[in-house]
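What follows is the content of final_26.cif (mmCIF, C-alpha atoms and all ligand atoms).
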data_query
#
loop_
_atom_site.label_atom_id
_atom_site.label_comp_id
_atom_site.auth_asym_id
_atom_site.auth_seq_id
_atom_site.Cartn_x
_atom_site.Cartn_y
_atom_site.Cartn_z
CA MET S 8 238.52 451.07 284.28
CA ALA S 9 237.98 449.09 287.43
CA VAL S 10 235.50 450.56 289.91
CA LYS S 11 236.79 451.20 293.41
CA ARG S 12 235.02 448.96 295.90
CA THR S 13 235.37 449.88 299.58
CA PRO S 14 236.73 446.82 301.39
CA PHE S 15 234.23 445.31 303.80
CA ILE S 16 235.17 443.60 307.06
CA ALA S 17 232.19 441.81 308.56
CA GLY S 18 232.10 440.04 311.93
CA ASN S 19 229.68 437.12 312.16
CA TRP S 20 229.26 436.57 315.90
CA LYS S 21 227.12 433.47 315.40
CA MET S 22 225.45 432.47 318.72
CA ASN S 23 227.87 434.39 320.94
CA LEU S 24 227.56 437.49 323.17
CA ASP S 25 224.24 438.46 324.78
CA HIS S 26 222.78 441.97 324.56
CA LEU S 27 224.75 443.32 327.51
CA GLN S 28 227.99 441.87 326.20
CA SER S 29 227.19 443.27 322.76
CA ILE S 30 227.05 446.82 324.11
CA ALA S 31 230.43 446.54 325.81
CA PHE S 32 231.92 444.84 322.76
CA VAL S 33 230.76 447.36 320.15
CA GLN S 34 231.77 450.28 322.38
CA LYS S 35 235.29 448.85 322.84
CA LEU S 36 235.58 448.01 319.16
CA ALA S 37 234.69 451.59 318.27
CA TRP S 38 237.30 452.89 320.75
CA SER S 39 239.91 450.53 319.43
CA LEU S 40 239.31 451.65 315.84
CA ALA S 41 239.20 455.32 316.86
CA ASP S 42 242.46 454.99 318.84
CA ALA S 43 244.08 453.49 315.78
CA LYS S 44 242.64 456.31 313.63
CA HIS S 45 240.94 453.78 311.41
CA ASP S 46 239.80 455.34 308.15
CA PHE S 47 236.44 453.81 307.29
CA ALA S 48 237.12 454.64 303.64
CA ASP S 49 239.89 451.99 303.84
CA ALA S 50 237.48 449.39 305.19
CA GLU S 51 233.83 449.46 306.15
CA VAL S 52 233.31 447.56 309.41
CA ALA S 53 230.12 445.69 310.28
CA VAL S 54 229.04 443.34 313.05
CA PHE S 55 226.35 440.65 312.89
CA PRO S 56 225.13 439.97 316.44
CA PRO S 57 222.33 437.61 317.47
CA PHE S 58 218.78 438.97 316.99
CA THR S 59 218.33 439.69 320.70
CA ASP S 60 221.32 442.08 320.67
CA LEU S 61 220.23 444.20 317.74
CA ARG S 62 218.12 446.73 319.64
CA SER S 63 220.98 447.35 322.08
CA VAL S 64 223.49 447.73 319.26
CA GLN S 65 221.14 450.10 317.43
CA THR S 66 220.74 452.27 320.54
CA LEU S 67 224.49 452.49 321.12
CA VAL S 68 225.42 453.11 317.48
CA SER S 69 222.78 455.78 317.12
CA ALA S 70 223.41 457.52 320.49
CA ASP S 71 227.18 457.70 319.94
CA SER S 72 227.01 458.08 316.13
CA LEU S 73 229.42 455.17 315.76
CA PRO S 74 230.65 454.55 312.20
CA ILE S 75 230.09 450.79 312.61
CA ALA S 76 227.40 449.08 310.54
CA TYR S 77 225.40 446.10 311.75
CA GLY S 78 223.03 443.47 310.51
CA ALA S 79 221.30 440.22 311.40
CA GLN S 80 222.47 436.66 310.79
CA ASP S 81 219.28 435.52 309.06
CA VAL S 82 215.86 436.75 307.94
CA SER S 83 212.51 435.13 307.29
CA ALA S 84 211.39 434.65 303.70
CA HIS S 85 207.99 435.91 304.90
CA ASP S 86 207.02 439.43 305.88
CA SER S 87 204.57 438.64 308.71
CA GLY S 88 202.13 436.01 309.93
CA ALA S 89 202.02 432.57 311.51
CA TYR S 90 205.74 431.73 311.34
CA THR S 91 206.71 430.92 314.92
CA GLY S 92 210.30 431.77 315.72
CA GLU S 93 210.93 433.69 312.51
CA ILE S 94 212.11 437.30 312.22
CA SER S 95 210.74 439.57 309.50
CA GLY S 96 212.96 441.81 307.40
CA ALA S 97 210.54 444.58 308.38
CA PHE S 98 211.64 444.19 312.02
CA LEU S 99 215.31 444.31 311.03
CA ALA S 100 214.76 447.41 308.92
CA ALA S 101 212.97 449.03 311.89
CA LEU S 102 216.18 448.47 313.90
CA ASP S 103 218.19 450.23 311.17
CA CYS S 104 220.00 447.06 310.16
CA ARG S 105 221.82 447.73 306.92
CA TYR S 106 222.77 444.14 306.12
CA VAL S 107 221.60 440.60 306.68
CA ILE S 108 223.60 437.39 306.28
CA ILE S 109 221.72 434.88 304.14
CA GLY S 110 222.62 431.28 303.30
CA HIS S 111 225.46 430.80 305.77
CA SER S 112 226.66 427.19 305.53
CA GLU S 113 225.53 426.57 309.13
CA ARG S 114 221.97 427.50 308.08
CA ARG S 115 222.25 425.37 304.95
CA THR S 116 223.47 422.29 306.81
CA LEU S 117 222.02 422.56 310.35
CA HIS S 118 218.67 424.01 309.27
CA GLY S 119 218.33 422.37 305.87
CA GLU S 120 218.02 425.64 303.95
CA SER S 121 217.78 424.98 300.23
CA ASP S 122 218.83 427.23 297.36
CA ALA S 123 215.12 428.06 296.90
CA ASP S 124 214.78 429.09 300.57
CA ILE S 125 217.85 431.26 300.25
CA ASN S 126 216.54 432.87 297.07
CA ALA S 127 213.26 433.68 298.88
CA LYS S 128 215.22 435.25 301.74
CA VAL S 129 217.27 437.43 299.36
CA LEU S 130 214.03 438.68 297.82
CA ALA S 131 212.58 439.29 301.31
CA ALA S 132 215.67 441.27 302.36
CA HIS S 133 215.33 443.47 299.29
CA ARG S 134 211.63 444.07 299.97
CA HIS S 135 212.70 445.69 303.23
CA GLY S 136 215.69 447.63 301.94
CA LEU S 137 218.28 445.31 303.53
CA ILE S 138 221.49 444.36 301.74
CA PRO S 139 222.00 440.59 301.72
CA VAL S 140 225.43 439.23 302.56
CA LEU S 141 224.84 436.10 300.55
CA CYS S 142 227.05 433.16 301.51
CA VAL S 143 228.07 430.44 299.09
CA GLY S 144 230.72 427.76 299.35
CA GLU S 145 231.62 424.18 298.69
CA THR S 146 232.25 421.32 301.12
CA ALA S 147 235.46 419.28 301.03
CA GLU S 148 233.53 416.56 299.17
CA ASP S 149 232.23 419.09 296.61
CA LEU S 150 235.76 420.33 296.12
CA GLU S 151 236.99 416.82 295.49
CA ALA S 152 234.10 415.94 293.15
CA HIS S 153 233.52 419.19 291.24
CA GLY S 154 236.56 421.42 291.71
CA PRO S 155 236.55 424.78 293.48
CA SER S 156 234.00 427.00 291.69
CA ALA S 157 231.17 424.75 290.47
CA VAL S 158 229.12 424.57 293.68
CA PRO S 159 229.48 428.22 294.76
CA VAL S 160 228.67 429.36 291.21
CA ALA S 161 225.53 427.18 291.11
CA GLN S 162 224.47 428.38 294.58
CA LEU S 163 224.89 432.01 293.55
CA ARG S 164 222.91 431.57 290.34
CA ALA S 165 220.07 429.88 292.24
CA ALA S 166 220.03 432.54 294.95
CA LEU S 167 219.74 435.36 292.42
CA GLU S 168 216.67 434.07 290.59
CA GLY S 169 214.36 437.07 290.01
CA VAL S 170 216.60 439.37 292.10
CA ASP S 171 216.98 443.04 291.17
CA GLY S 172 220.73 443.66 291.21
CA SER S 173 220.30 447.39 291.71
CA LYS S 174 218.97 446.75 295.25
CA GLY S 175 222.40 445.97 296.66
CA LEU S 176 224.25 442.77 297.39
CA VAL S 177 227.41 441.50 299.02
CA VAL S 178 228.58 437.98 298.16
CA ALA S 179 230.65 435.95 300.61
CA TYR S 180 232.62 432.98 299.35
CA GLU S 181 233.05 430.68 302.32
CA PRO S 182 234.44 427.22 301.63
CA VAL S 183 232.76 425.02 304.23
CA TRP S 184 236.03 423.16 304.85
CA ALA S 185 237.72 426.43 305.82
CA ILE S 186 235.09 427.65 308.32
CA GLY S 187 236.25 427.36 311.92
CA SER S 188 238.93 424.89 310.88
CA GLY S 189 242.00 427.10 311.14
CA GLN S 190 242.71 426.01 307.58
CA ALA S 191 241.95 429.02 305.36
CA ALA S 192 241.83 428.75 301.58
CA THR S 193 244.89 430.10 299.82
CA PRO S 194 244.57 433.62 298.41
CA ASP S 195 244.83 432.04 294.96
CA GLN S 196 241.90 429.71 295.62
CA ALA S 197 239.80 432.58 297.00
CA GLU S 198 240.63 434.75 294.00
CA GLN S 199 239.76 432.04 291.51
CA VAL S 200 236.30 431.50 293.00
CA ALA S 201 235.68 435.23 293.63
CA ALA S 202 236.42 435.90 289.94
CA ALA S 203 234.02 433.14 288.90
CA LEU S 204 231.33 434.58 291.20
CA ARG S 205 231.85 438.04 289.71
CA GLY S 206 231.40 436.41 286.31
CA VAL S 207 227.99 435.13 287.44
CA LEU S 208 227.06 438.66 288.58
CA THR S 209 227.92 439.98 285.12
CA GLU S 210 225.86 437.25 283.49
CA VAL S 211 222.82 437.59 285.78
CA PHE S 212 222.91 441.40 286.14
CA ASP S 213 225.43 443.40 284.13
CA ASP S 214 229.05 444.41 284.22
CA GLU S 215 228.39 447.63 286.10
CA ILE S 216 226.64 445.84 288.96
CA ALA S 217 229.25 443.05 288.93
CA GLN S 218 232.05 445.60 289.24
CA ALA S 219 230.30 447.45 292.05
CA THR S 220 229.44 444.35 294.11
CA ARG S 221 231.78 443.34 296.90
CA VAL S 222 232.83 439.71 297.00
CA LEU S 223 234.21 438.63 300.39
CA TYR S 224 236.25 435.64 301.43
CA GLY S 225 235.36 433.83 304.67
CA GLY S 226 236.84 430.86 306.50
CA SER S 227 239.55 431.07 309.19
CA VAL S 228 240.40 434.70 308.44
CA LYS S 229 242.67 436.34 311.01
CA ALA S 230 244.91 439.39 311.29
CA ALA S 231 247.86 437.32 310.08
CA ASN S 232 246.28 436.29 306.77
CA ILE S 233 243.80 439.05 305.89
CA ALA S 234 246.22 441.14 303.83
CA SER S 235 247.06 438.25 301.53
CA PHE S 236 243.37 437.92 300.61
CA LEU S 237 242.81 441.64 300.17
CA ARG S 238 245.69 441.81 297.73
CA GLU S 239 243.67 439.73 295.28
CA PRO S 240 241.80 441.84 292.72
CA ASN S 241 238.42 440.14 293.16
CA VAL S 242 238.44 439.77 296.95
CA ASP S 243 236.91 442.85 298.57
CA GLY S 244 236.88 441.94 302.22
CA ALA S 245 236.15 439.17 304.66
CA LEU S 246 233.37 437.55 306.61
CA VAL S 247 235.04 436.71 309.91
CA GLY S 248 233.65 434.25 312.47
CA GLY S 249 235.85 433.22 315.41
CA ALA S 250 238.33 436.08 315.09
CA SER S 251 235.50 438.65 315.12
CA LEU S 252 234.89 437.86 318.82
CA ASP S 253 238.32 439.18 319.83
CA ILE S 254 238.29 442.98 319.76
CA ALA S 255 242.04 443.44 319.22
CA GLU S 256 242.14 440.79 316.50
CA PHE S 257 239.02 442.03 314.69
CA SER S 258 240.12 445.64 314.80
CA SER S 259 243.50 444.53 313.50
CA ILE S 260 241.76 442.72 310.63
CA ALA S 261 239.81 445.90 309.82
CA ARG S 262 243.11 447.82 309.75
CA PHE S 263 244.70 445.34 307.38
CA LYS S 264 246.19 448.11 305.25
CA LYS S 265 248.13 449.67 308.10
CA HIS S 266 249.38 446.79 310.17
CA VAL S 267 250.77 444.76 307.33
CA GLY S 268 251.60 447.61 305.00
CA ALA S 269 249.42 446.13 302.23
P1 LIG L 1 235.54 431.46 310.88
O1 LIG L 1 234.00 431.54 310.41
O2 LIG L 1 236.15 432.81 310.61
O3 LIG L 1 235.44 431.14 312.35
O4 LIG L 1 236.19 430.39 310.08
C1 LIG L 1 233.62 432.23 309.25
C2 LIG L 1 232.12 432.19 309.09
O5 LIG L 1 231.51 431.16 309.42
O6 LIG L 1 231.50 433.17 308.62
#
Please express the file's structure as structure tokens.
Amino acid sequence: MAVKRTPFIAGNWKMNLDHLQSIAFVQKLAWSLADAKHDFADAEVAVFPPFTDLRSVQTLVSADSLPIAYGAQDVSAHDSGAYTGEISGAFLAALDCRYVIIGHSERRTLHGESDADINAKVLAAHRHGLIPVLCVGETAEDLEAHGPSAVPVAQLRAALEGVDGSKGLVVAYEPVWAIGSGQAATPDQAEQVAAALRGVLTEVFDDEIAQATRVLYGGSVKAANIASFLREPNVDGALVGGASLDIAEFSSIARFKKHVGA
């Protein structure tokens, strides 16, 4: 019997909103979801602000007991020491971050992160009790040359080297060609790759962990297309970039079940 996985709607703010803006944003998002009587059992909601916002978000979430989770957009592979500009998983854990995005395509391409770097970051996140939101995805050229699943499958395998699957993981399939392009993958394409990624989880860990792990789709997700992705059996939520910066739109995405009658 299939395990029930709570859908996960994650907002990747990228380098947007400073700490003051983050407070106003999270407060309004919480109000918007509360007004709509959002049931967090229907969809867990998380935001991924810039590092400098995290302390403010922590203070607000904890003071008002908001049911919104949060995490960072990256983590150092190292725990402490002479690594100028890096942020330790220990610091994120101290701010009660639950999640951390690792291996986003913008880190892979703009910062030259390799599969080995990403693997080291997944291990670092686990050392500090953080749940990685591990991003994988192919470029348009990869798609042309190798088909849809080959590159994300290889990236996932490499990232999971030596990883203990019982420590928690979310996988995000984000085709690079779909990110910020307005051209989302089709639900069929997302399902095909998500199923292949779940296959890797079974192979590397076991069926129980594979069935319990949420696999997200990311790339030009909006309120108008979210339900079509969530209807797919292997797609358990979305990693949302641009649309996560619009409170009404993001809260509408989180309420995908209600507003589109999915
Ligand atoms: P997008 O970004 O929703 O703006 O396409 C997704 C992401 O980069 O995580």
Note to self: Restricting the calculation to all atoms listed in the file: of S:Thr209, S:Asn126, S:Gln196, S:Gln80, which residue gets closest to ligand LIG 1 (chain L)?
What the structure shows: S:Gln80
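Interatomic distance, atom CA of S:Ile109 to atom CA of S:Ala203: 19.7 Å.
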Check which residues of stretch 71-178 of chain S sit at most 6 Å from stretch 35-59 of chain S using only C-alpha atoms, and return one row each with the closest pair of atoms and their distance in Å to one decimal, ordered by chain and rising number, as JSON lines.
{"residue": "S:Ile75", "atom": "CA", "partner": "S:Val52", "partner_atom": "CA", "distance": 5.6}
{"residue": "S:Ala76", "atom": "CA", "partner": "S:Ala53", "partner_atom": "CA", "distance": 4.4}
{"residue": "S:Tyr77", "atom": "CA", "partner": "S:Val54", "partner_atom": "CA", "distance": 4.7}
{"residue": "S:Gly78", "atom": "CA", "partner": "S:Phe55", "partner_atom": "CA", "distance": 5.0}
{"residue": "S:Ala79", "atom": "CA", "partner": "S:Phe55", "partner_atom": "CA", "distance": 5.3}
{"residue": "S:Gln80", "atom": "CA", "partner": "S:Phe55", "partner_atom": "CA", "distance": 5.9}
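Minimum atom-to-atom distances from S:Asp214, S:Asp86, S:Glu256, S:Asp171 to ligand LIG 1 (chain L) were compared using only C-alpha atoms and all ligand atoms, and the lowest value belongs to S:Glu256.
Taking atom CA of S:Leu102 and atom CA of S:Leu61 as endpoints, the distance between them is 7.0 Å.
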Around ligand LIG 1 (chain L), at most 10 Å away and counting only C-alpha atoms and all ligand atoms, which residues are there? Put them as a tab-separated table (two decimals) with C-alpha atoms, in the coordinates of the input, please.
chain	number	residue	atom	x	y	z
S	17	ALA	CA	232.19	441.81	308.56
S	18	GLY	CA	232.10	440.04	311.93
S	19	ASN	CA	229.68	437.12	312.16
S	20	TRP	CA	229.26	436.57	315.90
S	21	LYS	CA	227.12	433.47	315.40
S	80	GLN	CA	222.47	436.66	310.79
S	108	ILE	CA	223.60	437.39	306.28
S	111	HIS	CA	225.46	430.80	305.77
S	112	SER	CA	226.66	427.19	305.53
S	113	GLU	CA	225.53	426.57	309.13
S	142	CYS	CA	227.05	433.16	301.51
S	179	ALA	CA	230.65	435.95	300.61
S	180	TYR	CA	232.62	432.98	299.35
S	181	GLU	CA	233.05	430.68	302.32
S	182	PRO	CA	234.44	427.22	301.63
S	183	VAL	CA	232.76	425.02	304.23
S	184	TRP	CA	236.03	423.16	304.85
S	185	ALA	CA	237.72	426.43	305.82
S	186	ILE	CA	235.09	427.65	308.32
S	187	GLY	CA	236.25	427.36	311.92
S	188	SER	CA	238.93	424.89	310.88
S	189	GLY	CA	242.00	427.10	311.14
S	190	GLN	CA	242.71	426.01	307.58
S	191	ALA	CA	241.95	429.02	305.36
S	224	TYR	CA	236.25	435.64	301.43
S	225	GLY	CA	235.36	433.83	304.67
S	226	GLY	CA	236.84	430.86	306.50
S	227	SER	CA	239.55	431.07	309.19
S	228	VAL	CA	240.40	434.70	308.44
S	229	LYS	CA	242.67	436.34	311.01
S	245	ALA	CA	236.15	439.17	304.66
S	246	LEU	CA	233.37	437.55	306.61
S	247	VAL	CA	235.04	436.71	309.91
S	248	GLY	CA	233.65	434.25	312.47
S	249	GLY	CA	235.85	433.22	315.41
S	250	ALA	CA	238.33	436.08	315.09
S	251	SER	CA	235.50	438.65	315.12
S	252	LEU	CA	234.89	437.86	318.82
For stretch 227-242 of chain S, what centre and edge lengths in Å (one decimal) does the axis-aligned box get once 8 Å is added on each side of all its listed atoms, as lines of an AutoDock Vina configuration file?
center_x = 243.1
center_y = 436.5
center_z = 302.0
size_x = 25.4
size_y = 26.8
size_z = 34.6
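Atom pair atom CA of S:Val177 / atom CA of S:Phe257: separated by 19.5 Å.
Among S:Phe263, S:Glu215, S:Asn241, S:Asn232, the residue with the shortest atom-to-atom distance to S:Glu198, counting all atoms listed in the file, is S:Asn241.
A search radius of 12 Å centred on (248.7, 441.8, 310.1), applied to only C-alpha atoms, returns the residues S:Val228, S:Lys229, S:Ala230, S:Ala231, S:Asn232, S:Ile233, S:Ala234, S:Ser235, S:Phe236, S:Leu237, S:Ala255, S:Glu256, S:Phe257, S:Ser258, S:Ser259, S:Ile260, S:Ala261, S:Arg262, S:Phe263, S:Lys264, S:Lys265, S:His266, S:Val267, S:Gly268, S:Ala269.
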Next item on the list: For S:Ser121, work out the shell of residues within 10 Å, counting all atoms listed in the file and skipping chain neighbours fewer than 6 positions away, then give it as a PyMOL selection string.
Entry: chain S and resi 110+114-115+127+162+165-166
Notebook entry, point to check: Which one of S:Ala101, S:Val10, S:Ile125, S:Ala201 sits closest to S:Gln218 if you count all atoms listed in the file?
Noted result: S:Val10
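If you count all atoms listed in the file and ignore residues fewer than 4 places along the chain from S:Ser83, what sits within 8 Å of it is S:Glu93, S:Ile94, S:Ser95, S:Gly96, S:Lys128, S:Ala131.
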